[in-house]
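J.: Below: one structure in structure tokens.
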Amino acid sequence: MSVLLSSKGVEKRFSDIVAVDGVDLTLSRGDIVGLVGGNGAGKTTMLRLLCGLYRPSEGSISFHTEEGLQRPVHELRSKLGVVPESTGLYHRLTAWENIRYHSRLHGIEDDVAWTRTLRFAKALDFAEDLHRHTRGFSRGMRQKTALLRALVHGPEILLLDEPTGGLDVTSARMVRELVRQLRAEGGTVIYSTHHLAEAQLVCDRIIIMHNGQIRIDGTPDELMDSTQTESLEEAYVALTSDVARTDAKDEPESKLSKMWRSFLTPSSRNREVSEDE
Ligand code: ATP
């Protein structure tokens with residue numbers, strides 16, 4: 001399988017905190033990868049680096065085009081679909097209007113966007129809610145809207161930050177089904193989760209992060225073999241048994257939402273619309 005995204009020696013520092021510490025990572029077309037780790041392990045920072053929202057303090061992240069060229073990932077954001085922790089929806093718009101707004105900024109015809117959205121919305125049992133205003137949406141409904149928005153422009157890779165966080169059992173299952181559907185269609189997905197069992201259900205490959213570093217990257221069997229353990233949970237414990245750092249983030253939610261909005265919308269025109277989230 002051909003390489004799609006790679007990071008070389010990537011480090012991300014916030015003052016004296018090294019959130020990501022020398023990460024080398026390669027994602028190939030068709031990979032379904034789970035990025036697993038505890039609180040503060042560096043998963044969100046790594047995903048933000050991989051999608052070009054953050055620039056590395058050291059090292060580089062490249063997108064590999066089908067023509068065999070390597071370009072800095074922030075130059076090719078339209079190739080990526082991102083579902084951030086904070087969904088950043090416009091509450092005065094309906095779910096479909098949020099999605100259409102995003103697809104128009106990517107130059108997608110409305111009827112193409114609608115057909116694509118409807119297909120995935122059906123998979124998420126969300127088609128009936130597409131014309132509802134997002135104000136008052138539950139976390140799960142916001143997550144589903146953000147997922148549809150991330151898929152509408154036909155990205156080559158989907159990056160999901162805790163996509164099932166806050167979802168009920170059935171909805172979480174639907175998201176996993178959707179990821180499997182994307183895999184069957186040859187899509188590439190990386191998603192972060194605290195839950196090893198969740199990653200095991202969907203991913204062929206699991207990356208365990210701890211204290212900003214990759215502790216292991218392999219199939220579930222490889223993880224168990226290399227730690228001589230009999231379950232993934234034991235493997236995880238063996239790989240992350242040193243003390244985890246516990247420093248807290250100090251980042252106002254509203255600032256983060258604004259960052260995501262300007263990242264997700266490739267034009268400054270979006271500033272005409274206010275966000276209430
Ligand atoms: P969680 O599962 O709790 O969301 P995570 O694995 O996603 O954690 P990150 O959010 O990437 O971890 O955080 C990694 C480290 O970087 C933490 O120590 C965090 O406090 C720090 N950090 C992340 N973002 C910032 C920021 N914008 N400013 C300062 N420190 C940050």
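The way I read the labels, and the way they are meant: chains A, B, ... in the order of the structure tokens, residue 1 as the first residue of every chain, and ligand 1 as the first ligand shown, with later ones counted on from there.
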Would you kindly return, as an MDAnalysis selection string, each protein, DNA or RNA residue with an atom no farther than 6 Å from any atom of range 196-211 of chain A, considering only C-alpha atoms and excluding same-chain residues fewer than 5 positions away?
T.: chainID A and resid 32:37 41 216:219
J.: Those same residues - C-alpha atoms - I'd like them written as an mmCIF file, in the first residue's frame.
T.:
```
data_model
loop_
_atom_site.group_PDB
_atom_site.id
_atom_site.type_symbol
_atom_site.label_atom_id
_atom_site.label_comp_id
_atom_site.auth_asym_id
_atom_site.auth_seq_id
_atom_site.Cartn_x
_atom_site.Cartn_y
_atom_site.Cartn_z
ATOM 1 C CA ILE A 32 -7.312 1.965 9.874
ATOM 2 C CA VAL A 33 -5.254 3.029 12.856
ATOM 3 C CA GLY A 34 -6.150 3.509 16.502
ATOM 4 C CA LEU A 35 -4.109 6.041 18.456
ATOM 5 C CA VAL A 36 -4.474 4.918 22.044
ATOM 6 C CA GLY A 37 -3.184 6.487 25.233
ATOM 7 C CA ALA A 41 -0.406 11.168 26.334
ATOM 8 C CA ILE A 216 4.517 0.644 20.079
ATOM 9 C CA ASP A 217 2.959 0.533 16.626
ATOM 10 C CA GLY A 218 1.608 -2.754 15.342
ATOM 11 C CA THR A 219 -1.215 -5.236 15.063
#
```
J.: Neighbours of ligand 1 within 9 Å, counting only C-alpha atoms and all ligand atoms, as a ChimeraX atom specification?
T.: /A:12-20,35-48,85,161-162,192-194,209-212,245-251,256
J.: Restricting the calculation to only C-alpha atoms, which member of A:Phe263, A:Tyr101, A:Phe63, A:Trp96 is positioned closest to Phe126 in chain A?
T.: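 Nearest candidate to Phe126 in chain A out of A:Phe263, A:Tyr101, A:Phe63, A:Trp96: A:Trp96.
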J.: Mind checking which residues fall within 7 Å of Pro72 in chain A, counting only C-alpha atoms, ignoring those fewer than 2 positions away in the same chain, and posting them as a list in words?
T.: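 Everything that qualifies: Ile61, Ser62, Phe63, Gln70, His74 and Glu75 of chain A.
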J.: Please, could you write that set of residues out with C-alpha atoms as a PDB file, in the first residue's frame?
T.:
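For reference, part_8.pdb as written:
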```
ATOM      1  CA  ILE A  61       4.754  16.063   8.423  1.00  0.00           C
ATOM      2  CA  SER A  62       4.235  15.280   4.766  1.00  0.00           C
ATOM      3  CA  PHE A  63       1.275  14.348   2.639  1.00  0.00           C
ATOM      4  CA  GLN A  70       5.562  14.936  -0.833  1.00  0.00           C
ATOM      5  CA  HIS A  74      -0.963  22.150   5.814  1.00  0.00           C
ATOM      6  CA  GLU A  75      -0.872  22.849   2.052  1.00  0.00           C
TER       7      GLU A  75
END
```
J.: Excluding same-chain residues fewer than 4 positions from Thr94 in chain A, what lies within 10 Å of it counting only C-alpha atoms, as a ChimeraX atom specification?
T.: /A:89-90,98-100,129-135,145
J.: Would you mind exporting N, CA and C atoms of the selected residues as a tab-separated table (two decimals), in the first residue's frame?
T.:
```
chain	number	residue	atom	x	y	z
A	89	LEU	N	-19.82	23.68	15.50
A	89	LEU	CA	-20.96	23.85	14.58
A	89	LEU	C	-21.57	25.23	14.74
A	90	TYR	N	-22.22	25.69	13.68
A	90	TYR	CA	-22.97	26.94	13.76
A	90	TYR	C	-24.39	26.59	14.20
A	98	ASN	N	-24.90	23.29	7.94
A	98	ASN	CA	-23.51	23.26	8.40
A	98	ASN	C	-22.64	22.48	7.43
A	99	ILE	N	-23.16	21.33	7.02
A	99	ILE	CA	-22.39	20.44	6.14
A	99	ILE	C	-22.24	21.10	4.75
A	100	ARG	N	-23.33	21.66	4.26
A	100	ARG	CA	-23.31	22.29	2.93
A	100	ARG	C	-22.38	23.50	2.91
A	129	ASP	N	-32.63	13.80	10.91
A	129	ASP	CA	-32.27	14.99	11.70
A	129	ASP	C	-31.49	16.02	10.90
A	130	LEU	N	-31.25	15.74	9.63
A	130	LEU	CA	-30.38	16.64	8.85
A	130	LEU	C	-30.93	18.05	8.72
A	131	HIS	N	-32.27	18.18	8.76
A	131	HIS	CA	-32.85	19.52	8.58
A	131	HIS	C	-33.23	20.19	9.90
A	132	ARG	N	-32.74	19.63	10.98
A	132	ARG	CA	-32.98	20.27	12.29
A	132	ARG	C	-31.86	21.26	12.61
A	133	HIS	N	-32.21	22.34	13.30
A	133	HIS	CA	-31.18	23.27	13.75
A	133	HIS	C	-30.30	22.57	14.79
A	134	THR	N	-29.02	22.87	14.74
A	134	THR	CA	-28.12	22.13	15.62
A	134	THR	C	-28.17	22.65	17.06
A	135	ARG	N	-28.78	23.84	17.23
A	135	ARG	CA	-28.96	24.31	18.61
A	135	ARG	C	-29.79	23.26	19.37
A	145	THR	N	-23.00	15.08	13.08
A	145	THR	CA	-22.96	16.18	12.11
A	145	THR	C	-21.50	16.47	11.71
```
J.: Would you mind telling me which residue in A:Leu167, A:Glu156, A:Ala95, A:Thr87 lies nearest to Lys258 in chain A when using only C-alpha atoms?
T.: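 For Lys258 in chain A, the nearest of the candidates is A:Thr87.
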J.: Between CA of Gly9 in chain A and CA of Asp21 in chain A, what distance in Å does the model show, to one decimal?
T.: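 According to the coordinates, CA of Gly9 in chain A and CA of Asp21 in chain A are separated by 7.9 Å.
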J.: Which neighbours of Ala172 in chain A fall inside 12 Å, counting only C-alpha atoms, when residues of the same chain fewer than 2 positions from it are skipped, and could you give them as an mmCIF file with C-alpha atoms, in the first residue's frame?
T.:
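To be explicit, this is the file written out as selection-v1.cif:
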```
data_model
loop_
_atom_site.group_PDB
_atom_site.id
_atom_site.type_symbol
_atom_site.label_atom_id
_atom_site.label_comp_id
_atom_site.auth_asym_id
_atom_site.auth_seq_id
_atom_site.Cartn_x
_atom_site.Cartn_y
_atom_site.Cartn_z
ATOM 1 C CA ALA A 123 -25.494 4.638 7.981
ATOM 2 C CA LEU A 124 -25.555 6.730 11.161
ATOM 3 C CA ASP A 125 -29.368 6.707 11.410
ATOM 4 C CA ARG A 139 -23.308 15.579 21.963
ATOM 5 C CA GLY A 140 -23.914 12.477 19.850
ATOM 6 C CA MET A 141 -25.898 14.416 17.259
ATOM 7 C CA GLN A 143 -20.593 14.333 16.661
ATOM 8 C CA LYS A 144 -22.570 12.785 13.810
ATOM 9 C CA GLU A 162 -12.382 10.540 20.257
ATOM 10 C CA PRO A 163 -15.196 9.975 17.733
ATOM 11 C CA THR A 164 -17.303 7.851 20.054
ATOM 12 C CA GLY A 165 -16.756 9.938 23.187
ATOM 13 C CA GLY A 166 -20.153 10.828 24.648
ATOM 14 C CA LEU A 167 -22.063 8.571 22.270
ATOM 15 C CA ASP A 168 -24.538 5.986 23.451
ATOM 16 C CA VAL A 169 -23.823 2.332 22.772
ATOM 17 C CA THR A 170 -25.872 2.195 19.571
ATOM 18 C CA MET A 174 -22.798 3.032 14.127
ATOM 19 C CA VAL A 175 -19.653 5.149 14.047
ATOM 20 C CA ARG A 176 -17.553 1.990 14.163
ATOM 21 C CA GLU A 177 -19.668 0.520 11.371
ATOM 22 C CA LEU A 178 -19.088 3.644 9.322
ATOM 23 C CA VAL A 179 -15.343 3.356 9.815
ATOM 24 C CA GLU A 198 -12.666 0.262 21.089
ATOM 25 C CA LEU A 201 -12.916 -3.580 17.484
ATOM 26 C CA VAL A 202 -12.161 -1.473 14.430
#
```
J.: Using the chain letters and numbers from this document, which residues of range 19-176 of chain A does DSSP assign to helix (DSSP H, G or I), as a count of residues only?
T.: 64
